[in-house]
file structure-v5.cif (mmCIF, N, CA and C atoms)
data_input
loop_
_atom_site.group_PDB
_atom_site.id
_atom_site.type_symbol
_atom_site.label_atom_id
_atom_site.label_comp_id
_atom_site.auth_asym_id
_atom_site.auth_seq_id
_atom_site.Cartn_x
_atom_site.Cartn_y
_atom_site.Cartn_z
ATOM 1 N N MET A 1 0.861 -1.159 0.000
ATOM 2 C CA MET A 1 0.000 0.000 0.000
ATOM 3 C C MET A 1 0.909 1.224 0.000
ATOM 4 N N GLN A 2 0.385 2.344 -0.533
ATOM 5 C CA GLN A 2 1.141 3.587 -0.492
ATOM 6 C C GLN A 2 0.185 4.776 -0.529
ATOM 7 N N ILE A 3 0.704 5.922 -0.115
ATOM 8 C CA ILE A 3 -0.073 7.148 -0.176
ATOM 9 C C ILE A 3 -0.149 7.578 -1.634
ATOM 10 N N LYS A 4 -1.336 7.944 -2.076
ATOM 11 C CA LYS A 4 -1.506 8.374 -3.459
ATOM 12 C C LYS A 4 -0.756 9.673 -3.711
ATOM 13 N N SER A 5 -0.192 9.768 -4.871
ATOM 14 C CA SER A 5 0.497 10.974 -5.299
ATOM 15 C C SER A 5 -0.474 12.149 -5.268
ATOM 16 N N GLY A 6 0.025 13.307 -4.857
ATOM 17 C CA GLY A 6 -0.800 14.508 -4.868
ATOM 18 C C GLY A 6 -1.475 14.824 -3.553
ATOM 19 N N PHE A 7 -1.305 13.981 -2.538
ATOM 20 C CA PHE A 7 -1.894 14.255 -1.234
ATOM 21 C C PHE A 7 -0.799 14.570 -0.229
ATOM 22 N N VAL A 8 -1.012 15.640 0.543
ATOM 23 C CA VAL A 8 -0.001 16.103 1.488
ATOM 24 C C VAL A 8 -0.632 16.424 2.832
ATOM 25 N N LEU A 9 0.209 16.389 3.847
ATOM 26 C CA LEU A 9 -0.207 16.757 5.201
ATOM 27 C C LEU A 9 0.137 18.235 5.404
ATOM 28 N N ARG A 10 -0.825 19.007 5.836
ATOM 29 C CA ARG A 10 -0.641 20.439 6.086
ATOM 30 C C ARG A 10 -1.215 20.774 7.455
ATOM 31 N N GLU A 11 -0.773 21.914 7.988
ATOM 32 C CA GLU A 11 -1.384 22.429 9.205
ATOM 33 C C GLU A 11 -2.222 23.630 8.810
ATOM 34 N N VAL A 12 -3.506 23.577 9.141
ATOM 35 C CA VAL A 12 -4.446 24.640 8.810
ATOM 36 C C VAL A 12 -5.163 25.041 10.104
ATOM 37 N N CYS A 13 -4.965 26.283 10.514
ATOM 38 C CA CYS A 13 -5.603 26.793 11.740
ATOM 39 C C CYS A 13 -5.335 25.883 12.937
ATOM 40 N N GLY A 14 -4.116 25.394 13.048
ATOM 41 C CA GLY A 14 -3.729 24.546 14.171
ATOM 42 C C GLY A 14 -4.144 23.092 14.049
ATOM 43 N N GLU A 15 -4.812 22.727 12.972
ATOM 44 C CA GLU A 15 -5.243 21.342 12.744
ATOM 45 C C GLU A 15 -4.374 20.702 11.671
ATOM 46 N N LYS A 16 -4.047 19.447 11.845
ATOM 47 C CA LYS A 16 -3.313 18.708 10.824
ATOM 48 C C LYS A 16 -4.335 18.077 9.882
ATOM 49 N N VAL A 17 -4.193 18.366 8.595
ATOM 50 C CA VAL A 17 -5.154 17.890 7.603
ATOM 51 C C VAL A 17 -4.432 17.361 6.372
ATOM 52 N N ILE A 18 -5.080 16.409 5.713
ATOM 53 C CA ILE A 18 -4.604 15.913 4.423
ATOM 54 C C ILE A 18 -5.397 16.665 3.362
ATOM 55 N N VAL A 19 -4.666 17.205 2.403
ATOM 56 C CA VAL A 19 -5.300 17.925 1.296
ATOM 57 C C VAL A 19 -4.719 17.415 -0.011
ATOM 58 N N GLY A 20 -5.462 17.605 -1.078
ATOM 59 C CA GLY A 20 -4.972 17.283 -2.407
ATOM 60 C C GLY A 20 -4.334 18.514 -3.023
ATOM 61 N N GLU A 21 -3.321 18.304 -3.837
ATOM 62 C CA GLU A 21 -2.669 19.391 -4.563
ATOM 63 C C GLU A 21 -2.897 19.194 -6.053
ATOM 64 N N GLY A 22 -2.985 20.280 -6.784
ATOM 65 C CA GLY A 22 -3.178 20.188 -8.225
ATOM 66 C C GLY A 22 -4.534 19.604 -8.556
ATOM 67 N N LEU A 23 -4.571 18.720 -9.559
ATOM 68 C CA LEU A 23 -5.832 18.101 -9.980
ATOM 69 C C LEU A 23 -6.450 17.262 -8.876
ATOM 70 N N ASP A 24 -5.600 16.697 -8.011
ATOM 71 C CA ASP A 24 -6.129 15.896 -6.913
ATOM 72 C C ASP A 24 -6.977 16.740 -5.962
ATOM 73 N N ALA A 25 -6.632 18.026 -5.824
ATOM 74 C CA ALA A 25 -7.418 18.910 -4.967
ATOM 75 C C ALA A 25 -8.821 19.093 -5.537
ATOM 76 N N ILE A 26 -8.918 19.202 -6.836
ATOM 77 C CA ILE A 26 -10.223 19.369 -7.480
ATOM 78 C C ILE A 26 -11.063 18.113 -7.299
ATOM 79 N N ASN A 27 -10.467 16.965 -7.524
ATOM 80 C CA ASN A 27 -11.191 15.699 -7.417
ATOM 81 C C ASN A 27 -11.498 15.330 -5.968
ATOM 82 N N PHE A 28 -10.608 15.683 -5.037
ATOM 83 C CA PHE A 28 -10.778 15.334 -3.626
ATOM 84 C C PHE A 28 -11.795 16.266 -2.971
ATOM 85 N N GLY A 29 -11.591 17.566 -3.122
ATOM 86 C CA GLY A 29 -12.548 18.574 -2.681
ATOM 87 C C GLY A 29 -12.872 18.617 -1.205
ATOM 88 N N LYS A 30 -11.966 18.160 -0.342
ATOM 89 C CA LYS A 30 -12.234 18.203 1.091
ATOM 90 C C LYS A 30 -10.923 18.187 1.861
ATOM 91 N N LEU A 31 -11.022 18.362 3.163
ATOM 92 C CA LEU A 31 -9.890 18.228 4.075
ATOM 93 C C LEU A 31 -10.148 17.008 4.942
ATOM 94 N N LEU A 32 -9.115 16.244 5.194
ATOM 95 C CA LEU A 32 -9.230 15.100 6.095
ATOM 96 C C LEU A 32 -8.431 15.437 7.344
ATOM 97 N N SER A 33 -9.119 15.681 8.442
ATOM 98 C CA SER A 33 -8.485 16.082 9.694
ATOM 99 C C SER A 33 -7.884 14.863 10.402
ATOM 100 N N LEU A 34 -6.651 15.028 10.913
ATOM 101 C CA LEU A 34 -5.956 13.942 11.608
ATOM 102 C C LEU A 34 -5.592 14.365 13.025
ATOM 103 N N ASN A 35 -5.656 13.429 13.954
ATOM 104 C CA ASN A 35 -5.130 13.709 15.285
ATOM 105 C C ASN A 35 -3.605 13.577 15.236
ATOM 106 N N GLU A 36 -2.944 13.858 16.342
ATOM 107 C CA GLU A 36 -1.471 13.853 16.361
ATOM 108 C C GLU A 36 -0.888 12.496 15.971
ATOM 109 N N THR A 37 -1.471 11.419 16.469
ATOM 110 C CA THR A 37 -0.956 10.083 16.177
ATOM 111 C C THR A 37 -1.164 9.723 14.713
ATOM 112 N N ALA A 38 -2.320 10.018 14.171
ATOM 113 C CA ALA A 38 -2.584 9.734 12.760
ATOM 114 C C ALA A 38 -1.666 10.560 11.864
ATOM 115 N N ALA A 39 -1.414 11.809 12.237
ATOM 116 C CA ALA A 39 -0.498 12.652 11.461
ATOM 117 C C ALA A 39 0.910 12.073 11.508
ATOM 118 N N TRP A 40 1.316 11.577 12.667
ATOM 119 C CA TRP A 40 2.628 10.948 12.803
ATOM 120 C C TRP A 40 2.705 9.699 11.918
ATOM 121 N N LEU A 41 1.646 8.903 11.910
ATOM 122 C CA LEU A 41 1.614 7.705 11.071
ATOM 123 C C LEU A 41 1.639 8.067 9.581
ATOM 124 N N TRP A 42 0.963 9.148 9.199
ATOM 125 C CA TRP A 42 0.998 9.612 7.809
ATOM 126 C C TRP A 42 2.450 9.893 7.403
ATOM 127 N N LYS A 43 3.180 10.590 8.277
ATOM 128 C CA LYS A 43 4.586 10.916 7.984
ATOM 129 C C LYS A 43 5.421 9.643 7.855
ATOM 130 N N GLN A 44 5.176 8.673 8.722
ATOM 131 C CA GLN A 44 5.902 7.403 8.653
ATOM 132 C C GLN A 44 5.606 6.693 7.335
ATOM 133 N N ALA A 45 4.339 6.655 6.965
ATOM 134 C CA ALA A 45 3.933 6.001 5.717
ATOM 135 C C ALA A 45 4.569 6.695 4.523
ATOM 136 N N LYS A 46 4.595 8.025 4.544
ATOM 137 C CA LYS A 46 5.190 8.805 3.461
ATOM 138 C C LYS A 46 6.677 8.471 3.321
ATOM 139 N N GLU A 47 7.378 8.376 4.448
ATOM 140 C CA GLU A 47 8.809 8.054 4.438
ATOM 141 C C GLU A 47 9.070 6.641 3.914
ATOM 142 N N MET A 48 8.199 5.710 4.269
ATOM 143 C CA MET A 48 8.382 4.316 3.853
ATOM 144 C C MET A 48 8.084 4.108 2.376
ATOM 145 N N GLY A 49 7.180 4.878 1.820
ATOM 146 C CA GLY A 49 6.783 4.645 0.427
ATOM 147 C C GLY A 49 5.757 3.532 0.377
ATOM 148 N N ASP A 50 6.211 2.298 0.287
ATOM 149 C CA ASP A 50 5.321 1.140 0.362
ATOM 150 C C ASP A 50 5.235 0.696 1.819
ATOM 151 N N PHE A 51 4.038 0.418 2.281
ATOM 152 C CA PHE A 51 3.860 0.034 3.682
ATOM 153 C C PHE A 51 2.663 -0.899 3.806
ATOM 154 N N SER A 52 2.592 -1.549 4.944
ATOM 155 C CA SER A 52 1.463 -2.431 5.258
ATOM 156 C C SER A 52 0.927 -2.065 6.640
ATOM 157 N N VAL A 53 -0.175 -2.659 7.002
ATOM 158 C CA VAL A 53 -0.726 -2.482 8.343
ATOM 159 C C VAL A 53 0.331 -2.884 9.370
ATOM 160 N N ASP A 54 0.983 -4.024 9.145
ATOM 161 C CA ASP A 54 1.995 -4.501 10.089
ATOM 162 C C ASP A 54 3.172 -3.537 10.206
ATOM 163 N N ASP A 55 3.592 -2.945 9.079
ATOM 164 C CA ASP A 55 4.702 -1.977 9.108
ATOM 165 C C ASP A 55 4.368 -0.784 9.995
ATOM 166 N N LEU A 56 3.192 -0.206 9.774
ATOM 167 C CA LEU A 56 2.809 0.968 10.556
ATOM 168 C C LEU A 56 2.517 0.614 12.011
ATOM 169 N N ALA A 57 1.953 -0.558 12.254
ATOM 170 C CA ALA A 57 1.701 -0.991 13.629
ATOM 171 C C ALA A 57 3.014 -1.155 14.381
ATOM 172 N N ALA A 58 4.028 -1.701 13.728
ATOM 173 C CA ALA A 58 5.343 -1.856 14.361
ATOM 174 C C ALA A 58 5.937 -0.492 14.705
ATOM 175 N N LYS A 59 5.823 0.467 13.796
ATOM 176 C CA LYS A 59 6.311 1.831 14.059
ATOM 177 C C LYS A 59 5.576 2.440 15.242
ATOM 178 N N LEU A 60 4.266 2.219 15.290
ATOM 179 C CA LEU A 60 3.451 2.751 16.375
ATOM 180 C C LEU A 60 3.896 2.181 17.721
ATOM 181 N N CYS A 61 4.183 0.891 17.750
ATOM 182 C CA CYS A 61 4.651 0.246 18.985
ATOM 183 C C CYS A 61 6.021 0.754 19.412
ATOM 184 N N GLU A 62 6.886 1.062 18.442
ATOM 185 C CA GLU A 62 8.211 1.593 18.752
ATOM 186 C C GLU A 62 8.121 2.991 19.368
ATOM 187 N N GLU A 63 7.196 3.785 18.881
ATOM 188 C CA GLU A 63 7.099 5.194 19.289
ATOM 189 C C GLU A 63 6.233 5.400 20.532
ATOM 190 N N TYR A 64 5.172 4.630 20.664
ATOM 191 C CA TYR A 64 4.200 4.803 21.752
ATOM 192 C C TYR A 64 4.077 3.519 22.557
ATOM 193 N N GLU A 65 3.601 3.644 23.774
ATOM 194 C CA GLU A 65 3.366 2.475 24.614
ATOM 195 C C GLU A 65 1.997 1.909 24.268
ATOM 196 N N VAL A 66 2.002 0.977 23.323
ATOM 197 C CA VAL A 66 0.753 0.365 22.871
ATOM 198 C C VAL A 66 1.009 -1.109 22.588
ATOM 199 N N LEU A 67 0.044 -1.951 22.891
ATOM 200 C CA LEU A 67 0.172 -3.382 22.622
ATOM 201 C C LEU A 67 0.092 -3.631 21.114
ATOM 202 N N ALA A 68 0.813 -4.621 20.654
ATOM 203 C CA ALA A 68 0.881 -4.914 19.217
ATOM 204 C C ALA A 68 -0.495 -5.165 18.611
ATOM 205 N N ASP A 69 -1.333 -5.931 19.290
ATOM 206 C CA ASP A 69 -2.678 -6.224 18.756
ATOM 207 C C ASP A 69 -3.533 -4.964 18.667
ATOM 208 N N ASP A 70 -3.417 -4.098 19.681
ATOM 209 C CA ASP A 70 -4.168 -2.836 19.663
ATOM 210 C C ASP A 70 -3.669 -1.930 18.543
ATOM 211 N N ALA A 71 -2.347 -1.863 18.386
ATOM 212 C CA ALA A 71 -1.752 -1.034 17.333
ATOM 213 C C ALA A 71 -2.218 -1.503 15.961
ATOM 214 N N LYS A 72 -2.194 -2.809 15.757
ATOM 215 C CA LYS A 72 -2.600 -3.361 14.468
ATOM 216 C C LYS A 72 -4.069 -3.059 14.172
ATOM 217 N N ALA A 73 -4.924 -3.219 15.164
ATOM 218 C CA ALA A 73 -6.355 -2.939 14.979
ATOM 219 C C ALA A 73 -6.585 -1.461 14.680
ATOM 220 N N ASP A 74 -5.901 -0.585 15.417
ATOM 221 C CA ASP A 74 -6.069 0.855 15.206
ATOM 222 C C ASP A 74 -5.552 1.280 13.834
ATOM 223 N N VAL A 75 -4.401 0.771 13.439
ATOM 224 C CA VAL A 75 -3.835 1.112 12.136
ATOM 225 C C VAL A 75 -4.729 0.587 11.017
ATOM 226 N N ALA A 76 -5.225 -0.626 11.146
ATOM 227 C CA ALA A 76 -6.104 -1.199 10.124
ATOM 228 C C ALA A 76 -7.358 -0.343 9.957
ATOM 229 N N GLU A 77 -7.940 0.102 11.067
ATOM 230 C CA GLU A 77 -9.135 0.949 11.013
ATOM 231 C C GLU A 77 -8.816 2.283 10.326
ATOM 232 N N MET A 78 -7.685 2.884 10.685
ATOM 233 C CA MET A 78 -7.294 4.157 10.084
ATOM 234 C C MET A 78 -7.060 4.005 8.577
ATOM 235 N N LEU A 79 -6.361 2.947 8.185
ATOM 236 C CA LEU A 79 -6.089 2.741 6.764
ATOM 237 C C LEU A 79 -7.367 2.450 5.978
ATOM 238 N N ASP A 80 -8.323 1.772 6.597
ATOM 239 C CA ASP A 80 -9.625 1.558 5.940
ATOM 240 C C ASP A 80 -10.298 2.900 5.653
ATOM 241 N N GLU A 81 -10.238 3.817 6.614
ATOM 242 C CA GLU A 81 -10.804 5.153 6.414
ATOM 243 C C GLU A 81 -10.071 5.881 5.286
ATOM 244 N N TRP A 82 -8.745 5.799 5.292
ATOM 245 C CA TRP A 82 -7.946 6.465 4.260
ATOM 246 C C TRP A 82 -8.250 5.879 2.879
ATOM 247 N N LYS A 83 -8.480 4.568 2.819
ATOM 248 C CA LYS A 83 -8.846 3.941 1.538
ATOM 249 C C LYS A 83 -10.208 4.450 1.068
ATOM 250 N N GLN A 84 -11.155 4.533 1.989
ATOM 251 C CA GLN A 84 -12.510 4.971 1.637
ATOM 252 C C GLN A 84 -12.527 6.373 1.053
ATOM 253 N N VAL A 85 -11.682 7.266 1.585
ATOM 254 C CA VAL A 85 -11.651 8.632 1.053
ATOM 255 C C VAL A 85 -10.685 8.774 -0.124
ATOM 256 N N GLY A 86 -9.920 7.716 -0.398
ATOM 257 C CA GLY A 86 -9.089 7.683 -1.607
ATOM 258 C C GLY A 86 -7.729 8.333 -1.511
ATOM 259 N N VAL A 87 -7.125 8.344 -0.303
ATOM 260 C CA VAL A 87 -5.788 8.945 -0.193
ATOM 261 C C VAL A 87 -4.662 7.908 -0.173
ATOM 262 N N VAL A 88 -5.026 6.631 -0.095
ATOM 263 C CA VAL A 88 -4.037 5.550 -0.199
ATOM 264 C C VAL A 88 -4.496 4.549 -1.244
ATOM 265 N N GLU A 89 -3.526 3.821 -1.775
ATOM 266 C CA GLU A 89 -3.843 2.782 -2.770
ATOM 267 C C GLU A 89 -2.995 1.565 -2.514
#
call {"tool": "encode", "arguments": {"input": "structure-v5.cif", "output": "structure tokens"}}
result
Amino acid sequence: MQIKSGFVLREVCGEKVIVGEGLDAINFGKLLSLNETAAWLWKQAKEMGDFSVDDLAAKLCEEYEVLADDAKADVAEMLDEWKQVGVVE
């Protein structure tokens, strides 16, 4: 899985949001607000290029005090949301 080209993380009025740039902004037409942890995971995914639920869950466990099963479930749920809005493929 990877983040689709044309989507970036920005800070708008103190909120971290994913926005589309260029033609993707026209087709996307919205802001996707992220909490601090989701924004951190977005940055990790961007750095990795190709990633999986397990990859991001492992990063989450390294950075935060979270159980592996909980991390995996949370990451899977977040990535499902990102897939639904079309920012990952």
call {"tool": "atom_distance", "arguments": {"input": "structure-v5.cif", "atom1": "CA of Gly86 in chain A", "atom2": "CA of Tyr64 in chain A"}}
result
27.0 Å
call {"tool": "resolve_selection", "arguments": {"input": "structure-v5.cif", "expression": "the PyMOL selection byres (((chain A and resi 75-83 and name CA) around 12) and name CA)", "output": "MDAnalysis selection string"}}
result
chainID A and resid 1:4 7 18 31:35 37:42 45 51:61 66 68:74 84:89
call {"tool": "select_by_dssp", "arguments": {"input": "structure-v5.cif", "residues": "chain A", "states": "helix (DSSP H, G or I)", "output": "ChimeraX atom specification"}}
result
/A:23-28,36-48,53-63,68-85
call {"tool": "atom_distance", "arguments": {"input": "structure-v5.cif", "atom1": "atom C of Glu63 in chain A", "atom2": "CA of Val8 in chain A"}}
result
22.7 Å
call {"tool": "atom_distance", "arguments": {"input": "structure-v5.cif", "atom1": "atom C of Gly20 in chain A", "atom2": "atom N of Lys43 in chain A"}}
result
15.7 Å
call {"tool": "select_by_dssp", "arguments": {"input": "structure-v5.cif", "residues": "chain A", "states": "strand (DSSP E or B)", "output": "JSON, numbers by chain"}}
result
{"A": [3, 7, 8, 9, 10, 11, 12, 15, 16, 17, 18, 19, 20, 32, 33, 34, 88]}
call {"tool": "axis_aligned_box", "arguments": {"input": "structure-v5.cif", "around": "range 65-70 of chain A", "padding_each_side": "4 Å", "output": "AutoDock Vina command-line options"}}
result
--center_x -0.3 --center_y -1.3 --center_z 21.6 --size_x 15.8 --size_y 17.9 --size_z 14.1
